[in-house]
$ cat start_26.cif   # mmCIF, N, CA and C atoms
data_model
loop_
_atom_site.label_atom_id
_atom_site.label_comp_id
_atom_site.auth_asym_id
_atom_site.auth_seq_id
_atom_site.Cartn_x
_atom_site.Cartn_y
_atom_site.Cartn_z
N MET A 6 -89.96 -88.50 -247.36
CA MET A 6 -90.84 -88.80 -246.25
C MET A 6 -91.71 -87.59 -245.97
N ASP A 7 -92.92 -87.88 -245.66
CA ASP A 7 -93.79 -86.75 -245.31
C ASP A 7 -93.88 -86.63 -243.79
N ASP A 8 -94.56 -85.63 -243.34
CA ASP A 8 -94.62 -85.32 -241.91
C ASP A 8 -95.28 -86.42 -241.09
N SER A 9 -96.24 -87.10 -241.65
CA SER A 9 -96.93 -88.15 -240.88
C SER A 9 -95.99 -89.33 -240.61
N GLU A 10 -95.14 -89.68 -241.57
CA GLU A 10 -94.18 -90.76 -241.36
C GLU A 10 -93.14 -90.38 -240.31
N LEU A 11 -92.64 -89.15 -240.38
CA LEU A 11 -91.67 -88.68 -239.40
C LEU A 11 -92.26 -88.65 -238.00
N ASN A 12 -93.48 -88.20 -237.88
CA ASN A 12 -94.15 -88.18 -236.57
C ASN A 12 -94.36 -89.58 -236.03
N ALA A 13 -94.67 -90.53 -236.90
CA ALA A 13 -94.86 -91.91 -236.47
C ALA A 13 -93.54 -92.50 -235.98
N ILE A 14 -92.47 -92.22 -236.70
CA ILE A 14 -91.15 -92.71 -236.28
C ILE A 14 -90.74 -92.07 -234.96
N ARG A 15 -90.95 -90.78 -234.82
CA ARG A 15 -90.60 -90.07 -233.58
C ARG A 15 -91.39 -90.62 -232.39
N SER A 16 -92.67 -90.82 -232.58
CA SER A 16 -93.49 -91.31 -231.48
C SER A 16 -93.11 -92.74 -231.10
N ALA A 17 -92.77 -93.58 -232.10
CA ALA A 17 -92.34 -94.94 -231.81
C ALA A 17 -91.02 -94.93 -231.04
N ARG A 18 -90.11 -94.08 -231.47
CA ARG A 18 -88.81 -93.98 -230.79
C ARG A 18 -88.97 -93.44 -229.36
N LEU A 19 -89.83 -92.46 -229.19
CA LEU A 19 -90.09 -91.90 -227.87
C LEU A 19 -90.71 -92.94 -226.94
N ALA A 20 -91.63 -93.73 -227.46
CA ALA A 20 -92.25 -94.79 -226.66
C ALA A 20 -91.22 -95.85 -226.26
N GLU A 21 -90.31 -96.17 -227.19
CA GLU A 21 -89.26 -97.14 -226.90
C GLU A 21 -88.32 -96.63 -225.82
N LEU A 22 -87.93 -95.37 -225.90
CA LEU A 22 -87.05 -94.78 -224.89
C LEU A 22 -87.73 -94.73 -223.53
N GLN A 23 -89.00 -94.38 -223.49
CA GLN A 23 -89.72 -94.32 -222.23
C GLN A 23 -89.85 -95.70 -221.61
N LYS A 24 -90.07 -96.71 -222.45
CA LYS A 24 -90.19 -98.09 -221.96
C LYS A 24 -88.85 -98.56 -221.38
N ASN A 25 -87.75 -98.27 -222.07
CA ASN A 25 -86.43 -98.71 -221.60
C ASN A 25 -86.02 -98.00 -220.32
N THR A 26 -86.26 -96.72 -220.22
CA THR A 26 -85.87 -95.99 -219.02
C THR A 26 -86.81 -96.29 -217.86
N GLY A 27 -87.99 -96.72 -218.12
CA GLY A 27 -88.94 -97.03 -217.06
C GLY A 27 -88.64 -98.34 -216.36
N GLN A 28 -87.98 -99.28 -217.02
CA GLN A 28 -87.74 -100.59 -216.42
C GLN A 28 -86.53 -100.60 -215.51
N ALA A 29 -85.46 -99.95 -215.88
CA ALA A 29 -84.21 -100.01 -215.11
C ALA A 29 -84.36 -99.41 -213.71
N PRO A 30 -84.94 -98.23 -213.55
CA PRO A 30 -85.06 -97.70 -212.19
C PRO A 30 -85.95 -98.55 -211.29
N ALA A 31 -86.94 -99.21 -211.86
CA ALA A 31 -87.81 -100.06 -211.05
C ALA A 31 -87.03 -101.24 -210.49
N ALA A 32 -86.17 -101.84 -211.28
CA ALA A 32 -85.36 -102.96 -210.81
C ALA A 32 -84.37 -102.50 -209.75
N ASP A 33 -83.75 -101.35 -209.96
CA ASP A 33 -82.81 -100.81 -208.98
C ASP A 33 -83.52 -100.47 -207.68
N SER A 34 -84.70 -99.90 -207.78
CA SER A 34 -85.41 -99.52 -206.56
C SER A 34 -85.84 -100.76 -205.77
N ARG A 35 -86.17 -101.85 -206.46
CA ARG A 35 -86.52 -103.08 -205.76
C ARG A 35 -85.31 -103.64 -205.01
N LYS A 36 -84.15 -103.59 -205.65
CA LYS A 36 -82.94 -104.07 -204.98
C LYS A 36 -82.62 -103.20 -203.77
N ASP A 37 -82.78 -101.90 -203.92
CA ASP A 37 -82.53 -100.99 -202.80
C ASP A 37 -83.52 -101.24 -201.67
N ASP A 38 -84.77 -101.51 -202.02
CA ASP A 38 -85.78 -101.78 -200.99
C ASP A 38 -85.46 -103.05 -200.22
N VAL A 39 -85.03 -104.08 -200.93
CA VAL A 39 -84.68 -105.34 -200.28
C VAL A 39 -83.47 -105.14 -199.37
N LYS A 40 -82.47 -104.42 -199.87
CA LYS A 40 -81.27 -104.16 -199.07
C LYS A 40 -81.61 -103.32 -197.83
N THR A 41 -82.44 -102.30 -198.01
CA THR A 41 -82.81 -101.44 -196.88
C THR A 41 -83.60 -102.21 -195.83
N SER A 42 -84.52 -103.05 -196.26
CA SER A 42 -85.30 -103.82 -195.29
C SER A 42 -84.43 -104.84 -194.56
N MET A 43 -83.49 -105.45 -195.28
CA MET A 43 -82.60 -106.42 -194.64
C MET A 43 -81.70 -105.72 -193.62
N LEU A 44 -81.19 -104.54 -193.97
CA LEU A 44 -80.35 -103.79 -193.04
C LEU A 44 -81.15 -103.33 -191.82
N ALA A 45 -82.40 -102.97 -192.02
CA ALA A 45 -83.25 -102.55 -190.91
C ALA A 45 -83.49 -103.70 -189.94
N GLN A 46 -83.56 -104.92 -190.45
CA GLN A 46 -83.76 -106.08 -189.59
C GLN A 46 -82.50 -106.46 -188.82
N VAL A 47 -81.35 -106.19 -189.41
CA VAL A 47 -80.09 -106.68 -188.86
C VAL A 47 -79.37 -105.64 -187.99
N LEU A 48 -79.55 -104.36 -188.27
CA LEU A 48 -78.81 -103.31 -187.58
C LEU A 48 -79.65 -102.62 -186.51
N GLU A 49 -79.00 -102.29 -185.41
CA GLU A 49 -79.63 -101.46 -184.39
C GLU A 49 -79.66 -100.02 -184.89
N PRO A 50 -80.51 -99.18 -184.32
CA PRO A 50 -80.59 -97.78 -184.77
C PRO A 50 -79.26 -97.03 -184.68
N SER A 51 -78.47 -97.29 -183.66
CA SER A 51 -77.18 -96.61 -183.54
C SER A 51 -76.23 -97.04 -184.66
N ALA A 52 -76.30 -98.31 -185.06
CA ALA A 52 -75.46 -98.80 -186.14
C ALA A 52 -75.89 -98.20 -187.48
N ARG A 53 -77.21 -98.08 -187.69
CA ARG A 53 -77.69 -97.45 -188.92
C ARG A 53 -77.28 -95.98 -188.98
N GLU A 54 -77.32 -95.32 -187.82
CA GLU A 54 -76.91 -93.92 -187.77
C GLU A 54 -75.42 -93.78 -188.10
N ARG A 55 -74.59 -94.66 -187.56
CA ARG A 55 -73.16 -94.63 -187.84
C ARG A 55 -72.90 -94.85 -189.32
N LEU A 56 -73.62 -95.79 -189.90
CA LEU A 56 -73.46 -96.09 -191.32
C LEU A 56 -73.89 -94.91 -192.18
N SER A 57 -74.92 -94.20 -191.77
CA SER A 57 -75.35 -93.02 -192.54
C SER A 57 -74.33 -91.90 -192.44
N ARG A 58 -73.67 -91.75 -191.27
CA ARG A 58 -72.62 -90.74 -191.14
C ARG A 58 -71.40 -91.10 -191.98
N VAL A 59 -71.09 -92.38 -192.05
CA VAL A 59 -69.98 -92.82 -192.89
C VAL A 59 -70.31 -92.55 -194.36
N ARG A 60 -71.57 -92.74 -194.72
CA ARG A 60 -71.99 -92.51 -196.11
C ARG A 60 -71.78 -91.06 -196.53
N ILE A 61 -71.93 -90.14 -195.60
CA ILE A 61 -71.72 -88.72 -195.92
C ILE A 61 -70.27 -88.48 -196.32
N VAL A 62 -69.35 -89.11 -195.60
CA VAL A 62 -67.93 -88.88 -195.84
C VAL A 62 -67.36 -89.80 -196.92
N ARG A 63 -67.66 -91.09 -196.82
CA ARG A 63 -67.13 -92.08 -197.76
C ARG A 63 -68.23 -93.00 -198.25
N PRO A 64 -68.97 -92.60 -199.29
CA PRO A 64 -70.07 -93.44 -199.79
C PRO A 64 -69.61 -94.82 -200.25
N ASP A 65 -68.43 -94.91 -200.82
CA ASP A 65 -67.94 -96.20 -201.30
C ASP A 65 -67.70 -97.17 -200.14
N ARG A 66 -67.18 -96.65 -199.04
CA ARG A 66 -66.93 -97.51 -197.89
C ARG A 66 -68.25 -97.95 -197.25
N ALA A 67 -69.22 -97.04 -197.19
CA ALA A 67 -70.53 -97.39 -196.64
C ALA A 67 -71.20 -98.47 -197.50
N ASP A 68 -71.08 -98.35 -198.81
CA ASP A 68 -71.64 -99.38 -199.70
C ASP A 68 -70.96 -100.73 -199.46
N ALA A 69 -69.65 -100.71 -199.26
CA ALA A 69 -68.93 -101.96 -199.02
C ALA A 69 -69.39 -102.61 -197.72
N VAL A 70 -69.60 -101.81 -196.69
CA VAL A 70 -70.07 -102.35 -195.41
C VAL A 70 -71.47 -102.92 -195.56
N GLU A 71 -72.34 -102.17 -196.26
CA GLU A 71 -73.71 -102.66 -196.47
C GLU A 71 -73.71 -103.97 -197.25
N GLN A 72 -72.91 -104.06 -198.30
CA GLN A 72 -72.85 -105.30 -199.07
C GLN A 72 -72.35 -106.45 -198.21
N TYR A 73 -71.38 -106.19 -197.36
CA TYR A 73 -70.84 -107.22 -196.48
C TYR A 73 -71.90 -107.69 -195.49
N ILE A 74 -72.62 -106.74 -194.90
CA ILE A 74 -73.65 -107.09 -193.93
C ILE A 74 -74.79 -107.86 -194.59
N VAL A 75 -75.20 -107.43 -195.77
CA VAL A 75 -76.27 -108.14 -196.50
C VAL A 75 -75.81 -109.55 -196.85
N LYS A 76 -74.56 -109.70 -197.24
CA LYS A 76 -74.03 -111.02 -197.56
C LYS A 76 -74.05 -111.92 -196.33
N LEU A 77 -73.62 -111.37 -195.19
CA LEU A 77 -73.65 -112.16 -193.96
C LEU A 77 -75.07 -112.52 -193.56
N ALA A 78 -75.98 -111.58 -193.70
CA ALA A 78 -77.37 -111.84 -193.32
C ALA A 78 -78.02 -112.86 -194.24
N SER A 79 -77.71 -112.80 -195.52
CA SER A 79 -78.33 -113.74 -196.46
C SER A 79 -77.81 -115.16 -196.27
N THR A 80 -76.57 -115.31 -195.77
CA THR A 80 -76.04 -116.65 -195.52
C THR A 80 -76.41 -117.17 -194.14
N GLY A 81 -77.00 -116.30 -193.31
CA GLY A 81 -77.41 -116.72 -191.98
C GLY A 81 -76.30 -116.64 -190.95
N ALA A 82 -75.26 -115.91 -191.23
CA ALA A 82 -74.13 -115.82 -190.31
C ALA A 82 -74.38 -114.83 -189.17
N ILE A 83 -75.43 -114.02 -189.28
CA ILE A 83 -75.74 -113.04 -188.24
C ILE A 83 -76.90 -113.60 -187.41
N SER A 84 -76.64 -113.75 -186.10
CA SER A 84 -77.67 -114.31 -185.24
C SER A 84 -78.34 -113.27 -184.35
N ARG A 85 -77.79 -112.05 -184.31
CA ARG A 85 -78.35 -110.98 -183.49
C ARG A 85 -78.22 -109.67 -184.25
N LYS A 86 -78.83 -108.63 -183.70
CA LYS A 86 -78.71 -107.32 -184.33
C LYS A 86 -77.31 -106.77 -184.09
N LEU A 87 -76.76 -106.17 -185.12
CA LEU A 87 -75.41 -105.61 -185.01
C LEU A 87 -75.48 -104.24 -184.37
N ALA A 88 -74.58 -103.99 -183.44
CA ALA A 88 -74.50 -102.70 -182.75
C ALA A 88 -73.51 -101.79 -183.48
N GLU A 89 -73.39 -100.58 -182.98
CA GLU A 89 -72.48 -99.61 -183.58
C GLU A 89 -71.04 -100.10 -183.51
N SER A 90 -70.68 -100.75 -182.43
CA SER A 90 -69.31 -101.26 -182.29
C SER A 90 -69.01 -102.33 -183.34
N ASP A 91 -70.01 -103.12 -183.71
CA ASP A 91 -69.82 -104.12 -184.75
C ASP A 91 -69.57 -103.47 -186.11
N VAL A 92 -70.29 -102.40 -186.38
CA VAL A 92 -70.09 -101.67 -187.64
C VAL A 92 -68.70 -101.05 -187.66
N VAL A 93 -68.25 -100.53 -186.52
CA VAL A 93 -66.92 -99.95 -186.42
C VAL A 93 -65.86 -101.03 -186.67
N ASP A 94 -66.07 -102.22 -186.14
CA ASP A 94 -65.14 -103.33 -186.37
C ASP A 94 -65.08 -103.70 -187.85
N ILE A 95 -66.22 -103.72 -188.50
CA ILE A 95 -66.26 -104.02 -189.94
C ILE A 95 -65.52 -102.94 -190.72
N LEU A 96 -65.73 -101.68 -190.35
CA LEU A 96 -65.03 -100.57 -191.00
C LEU A 96 -63.52 -100.68 -190.81
N ASP A 97 -63.08 -101.04 -189.59
CA ASP A 97 -61.65 -101.22 -189.34
C ASP A 97 -61.08 -102.35 -190.19
N GLY A 98 -61.84 -103.43 -190.32
CA GLY A 98 -61.39 -104.55 -191.15
C GLY A 98 -61.26 -104.16 -192.61
N LEU A 99 -62.21 -103.39 -193.10
CA LEU A 99 -62.12 -102.92 -194.49
C LEU A 99 -60.92 -101.99 -194.67
N SER A 100 -60.68 -101.16 -193.69
CA SER A 100 -59.55 -100.24 -193.75
C SER A 100 -58.23 -101.02 -193.80
N ARG A 101 -58.12 -102.04 -192.97
CA ARG A 101 -56.91 -102.87 -192.98
C ARG A 101 -56.73 -103.57 -194.32
N ASP A 102 -57.82 -104.08 -194.88
CA ASP A 102 -57.74 -104.76 -196.18
C ASP A 102 -57.32 -103.80 -197.27
N GLU A 103 -57.82 -102.56 -197.24
CA GLU A 103 -57.44 -101.58 -198.25
C GLU A 103 -55.97 -101.21 -198.12
N LYS A 104 -55.47 -101.12 -196.90
CA LYS A 104 -54.06 -100.79 -196.70
C LYS A 104 -53.17 -101.91 -197.24
N LYS A 105 -53.60 -103.16 -197.06
CA LYS A 105 -52.82 -104.28 -197.57
C LYS A 105 -52.78 -104.27 -199.08
N LYS A 106 -53.89 -103.93 -199.71
CA LYS A 106 -53.95 -103.91 -201.17
C LYS A 106 -53.14 -102.78 -201.75
N THR A 107 -53.14 -101.63 -201.10
CA THR A 107 -52.46 -100.47 -201.66
C THR A 107 -50.99 -100.42 -201.29
N ALA A 108 -50.57 -101.17 -200.29
CA ALA A 108 -49.16 -101.14 -199.88
C ALA A 108 -48.34 -101.88 -200.94
N THR A 109 -47.48 -101.15 -201.60
CA THR A 109 -46.63 -101.76 -202.61
C THR A 109 -45.19 -101.62 -202.16
N LYS A 110 -44.41 -102.55 -202.55
CA LYS A 110 -43.01 -102.54 -202.18
C LYS A 110 -42.19 -102.54 -203.46
N ILE A 111 -41.33 -101.58 -203.56
CA ILE A 111 -40.47 -101.45 -204.74
C ILE A 111 -39.08 -101.91 -204.35
N VAL A 112 -38.56 -102.86 -205.12
CA VAL A 112 -37.24 -103.40 -204.85
C VAL A 112 -36.35 -103.08 -206.04
N PHE A 113 -35.23 -102.44 -205.76
CA PHE A 113 -34.26 -102.15 -206.80
C PHE A 113 -33.21 -103.24 -206.80
N ASP A 114 -33.07 -103.89 -207.92
CA ASP A 114 -32.07 -104.93 -208.06
C ASP A 114 -31.01 -104.39 -209.01
N ARG A 115 -29.95 -103.85 -208.42
CA ARG A 115 -28.90 -103.22 -209.24
C ARG A 115 -27.83 -104.25 -209.56
N LYS A 116 -27.42 -104.22 -210.79
CA LYS A 116 -26.39 -105.15 -211.22
C LYS A 116 -25.03 -104.49 -211.08
N ASN A 117 -24.07 -105.28 -210.74
CA ASN A 117 -22.71 -104.78 -210.64
C ASN A 117 -22.10 -104.80 -212.03
N THR A 118 -21.88 -103.65 -212.61
CA THR A 118 -21.39 -103.57 -213.99
C THR A 118 -19.91 -103.29 -214.07
N ILE A 119 -19.22 -103.19 -212.95
CA ILE A 119 -17.79 -102.89 -212.95
C ILE A 119 -17.03 -104.20 -213.11
N ASP A 120 -16.23 -104.30 -214.16
CA ASP A 120 -15.41 -105.47 -214.40
C ASP A 120 -14.06 -105.29 -213.72
N ALA A 121 -13.32 -106.34 -213.64
CA ALA A 121 -11.99 -106.28 -213.04
C ALA A 121 -11.06 -105.41 -213.87
N GLU A 122 -11.23 -105.41 -215.18
CA GLU A 122 -10.39 -104.61 -216.05
C GLU A 122 -10.70 -103.12 -215.89
N ASP A 123 -11.93 -102.79 -215.58
CA ASP A 123 -12.32 -101.40 -215.44
C ASP A 123 -11.80 -100.78 -214.14
N ASP A 124 -11.38 -101.62 -213.20
CA ASP A 124 -10.89 -101.10 -211.93
C ASP A 124 -9.57 -100.36 -212.10
N GLU A 125 -8.83 -100.73 -213.08
CA GLU A 125 -7.54 -100.08 -213.31
C GLU A 125 -7.78 -98.72 -213.92
N ASP A 126 -7.05 -97.75 -213.44
CA ASP A 126 -7.17 -96.40 -213.98
C ASP A 126 -6.21 -96.22 -215.14
N ASP A 127 -6.70 -96.51 -216.33
CA ASP A 127 -5.88 -96.35 -217.52
C ASP A 127 -5.73 -94.90 -217.90
N PHE A 128 -6.60 -94.08 -217.41
CA PHE A 128 -6.61 -92.68 -217.78
C PHE A 128 -5.39 -91.93 -217.25
N PHE A 129 -4.94 -92.28 -216.07
CA PHE A 129 -3.86 -91.55 -215.44
C PHE A 129 -2.49 -92.21 -215.64
N ASP A 130 -2.37 -93.18 -216.47
CA ASP A 130 -1.07 -93.85 -216.68
C ASP A 130 -0.13 -93.04 -217.48
#
$ encode --input "start_26.cif" --output "structure tokens"
Amino acid sequence: MDDSELNAIRSARLAELQKNTGQAPAADSRKDDVKTSMLAQVLEPSARERLSRVRIVRPDRADAVEQYIVKLASTGAISRKLAESDVVDILDGLSRDEKKKTATKIVFDRKNTIDAEDDEDDFFD
């Protein structure tokens, strides 16, 4: 291969990579924009502030609350703006659900292996 063929292959590959990386962030940003606008419509400023403080400490929990609120809003289950106390209630509910999932109970089922014949002390006879 000569240099012109290598340059053509490199430029084609570079264009393909740029095209692939350019599409994914645009789709993600649209989803984020829709979610942000929906949350802005449904949450009061104090509730949004609480959610942002939760995001600093527990981003996964904040995402779960946002997904839950967006789900409720999209089904029409929310008829008013949610206050900070409502967000706290949702957080408490998620906390309870996580505790139920992580609480495991270990039960030891021991078998009685001593037979009637083993009860006799043959060793000391």
$ residues_around --input "start_26.cif" --residues "segment 82-99 of chain A" --least-positions-apart "2" --cutoff "7 Å" --atoms "only N, CA and C atoms" --output "ChimeraX atom specification"
/A:46-49,51-53,55,70,76-80,101-104
$ atom_distance --input "start_26.cif" --atom1 "atom CA of Asp68 of chain A" --atom2 "atom N of Leu56 of chain A"
10.6 Å
$ residues_around --input "start_26.cif" --residues "Lys40 of chain A" --least-positions-apart "5" --cutoff "9 Å" --atoms "only C-alpha atoms" --output "number ranges by chain"
A: 35, 45, 71-72, 75
$ atom_distance --input "start_26.cif" --atom1 "atom CA of Gln23 of chain A" --atom2 "atom CA of Glu10 of chain A"
20.0 Å
$ atom_distance --input "start_26.cif" --atom1 "atom CA of Lys24 of chain A" --atom2 "atom C of Asp38 of chain A"
22.8 Å
$ decode --input "start_26.cif" --residues "segment 33-114 of chain A" --atoms "C-alpha atoms" --output "mmCIF file, in the first residue's frame"
data_model
loop_
_atom_site.group_PDB
_atom_site.id
_atom_site.type_symbol
_atom_site.label_atom_id
_atom_site.label_comp_id
_atom_site.auth_asym_id
_atom_site.auth_seq_id
_atom_site.Cartn_x
_atom_site.Cartn_y
_atom_site.Cartn_z
ATOM 1 C CA ASP A 33 -28.652 11.543 25.379
ATOM 2 C CA SER A 34 -28.826 15.313 25.583
ATOM 3 C CA ARG A 35 -32.353 15.286 24.129
ATOM 4 C CA LYS A 36 -33.461 12.777 26.755
ATOM 5 C CA ASP A 37 -31.868 14.881 29.478
ATOM 6 C CA ASP A 38 -33.562 18.005 28.139
ATOM 7 C CA VAL A 39 -36.967 16.321 28.149
ATOM 8 C CA LYS A 40 -36.418 14.990 31.668
ATOM 9 C CA THR A 41 -35.204 18.373 32.934
ATOM 10 C CA SER A 42 -38.147 20.241 31.436
ATOM 11 C CA MET A 43 -40.625 17.713 32.833
ATOM 12 C CA LEU A 44 -39.066 17.970 36.304
ATOM 13 C CA ALA A 45 -39.153 21.773 36.098
ATOM 14 C CA GLN A 46 -42.886 21.621 35.388
ATOM 15 C CA VAL A 47 -43.643 19.166 38.180
ATOM 16 C CA LEU A 48 -41.301 20.212 41.029
ATOM 17 C CA GLU A 49 -41.320 23.341 43.141
ATOM 18 C CA PRO A 50 -37.972 25.160 43.487
ATOM 19 C CA SER A 51 -37.449 23.828 47.021
ATOM 20 C CA ALA A 52 -37.991 20.259 45.785
ATOM 21 C CA ARG A 53 -35.518 20.753 42.927
ATOM 22 C CA GLU A 54 -32.999 22.147 45.396
ATOM 23 C CA ARG A 55 -33.447 19.119 47.690
ATOM 24 C CA LEU A 56 -32.995 16.782 44.756
ATOM 25 C CA SER A 57 -29.796 18.556 43.710
ATOM 26 C CA ARG A 58 -28.416 18.225 47.265
ATOM 27 C CA VAL A 59 -29.251 14.526 47.246
ATOM 28 C CA ARG A 60 -27.459 14.221 43.899
ATOM 29 C CA ILE A 61 -24.259 15.519 45.496
ATOM 30 C CA VAL A 62 -24.295 12.758 48.097
ATOM 31 C CA ARG A 63 -26.097 9.891 46.327
ATOM 32 C CA PRO A 64 -26.365 10.346 42.548
ATOM 33 C CA ASP A 65 -27.930 6.913 42.101
ATOM 34 C CA ARG A 66 -30.729 7.695 44.536
ATOM 35 C CA ALA A 67 -31.373 11.075 42.902
ATOM 36 C CA ASP A 68 -31.618 9.370 39.504
ATOM 37 C CA ALA A 69 -34.092 6.860 40.929
ATOM 38 C CA VAL A 70 -36.267 9.652 42.330
ATOM 39 C CA GLU A 71 -36.142 11.555 39.039
ATOM 40 C CA GLN A 72 -37.101 8.456 37.067
ATOM 41 C CA TYR A 73 -39.986 7.811 39.456
ATOM 42 C CA ILE A 74 -41.243 11.387 39.207
ATOM 43 C CA VAL A 75 -40.970 11.405 35.407
ATOM 44 C CA LYS A 76 -42.855 8.108 35.279
ATOM 45 C CA LEU A 77 -45.624 9.521 37.469
ATOM 46 C CA ALA A 78 -45.795 12.713 35.433
ATOM 47 C CA SER A 79 -45.921 10.882 32.113
ATOM 48 C CA THR A 80 -48.832 8.712 33.295
ATOM 49 C CA GLY A 81 -50.695 11.750 34.607
ATOM 50 C CA ALA A 82 -50.621 10.662 38.237
ATOM 51 C CA ILE A 83 -49.309 14.054 39.405
ATOM 52 C CA SER A 84 -51.968 16.743 39.576
ATOM 53 C CA ARG A 85 -49.971 19.470 41.367
ATOM 54 C CA LYS A 86 -46.396 20.573 41.814
ATOM 55 C CA LEU A 87 -44.459 18.409 44.228
ATOM 56 C CA ALA A 88 -43.022 20.121 47.298
ATOM 57 C CA GLU A 89 -39.859 19.302 49.197
ATOM 58 C CA SER A 90 -41.812 17.152 51.644
ATOM 59 C CA ASP A 91 -43.094 15.040 48.740
ATOM 60 C CA VAL A 92 -39.543 14.444 47.536
ATOM 61 C CA VAL A 93 -38.539 13.481 51.083
ATOM 62 C CA ASP A 94 -41.436 10.991 51.190
ATOM 63 C CA ILE A 95 -40.302 9.467 47.895
ATOM 64 C CA LEU A 96 -36.739 9.212 49.227
ATOM 65 C CA ASP A 97 -38.007 7.495 52.389
ATOM 66 C CA GLY A 98 -39.981 5.040 50.283
ATOM 67 C CA LEU A 99 -36.932 4.211 48.190
ATOM 68 C CA SER A 100 -34.892 3.752 51.342
ATOM 69 C CA ARG A 101 -37.455 1.326 52.754
ATOM 70 C CA ASP A 102 -37.531 -0.618 49.484
ATOM 71 C CA GLU A 103 -33.736 -0.890 49.446
ATOM 72 C CA LYS A 104 -33.699 -2.157 53.025
ATOM 73 C CA LYS A 105 -36.253 -4.832 52.139
ATOM 74 C CA LYS A 106 -34.185 -5.972 49.170
ATOM 75 C CA THR A 107 -30.901 -6.095 51.049
ATOM 76 C CA ALA A 108 -32.248 -7.694 54.226
ATOM 77 C CA THR A 109 -31.335 -11.344 54.011
ATOM 78 C CA LYS A 110 -32.102 -14.010 56.503
ATOM 79 C CA ILE A 111 -29.795 -16.946 56.973
ATOM 80 C CA VAL A 112 -31.312 -20.070 58.458
ATOM 81 C CA PHE A 113 -29.148 -22.909 59.675
ATOM 82 C CA ASP A 114 -30.857 -26.247 59.428
#
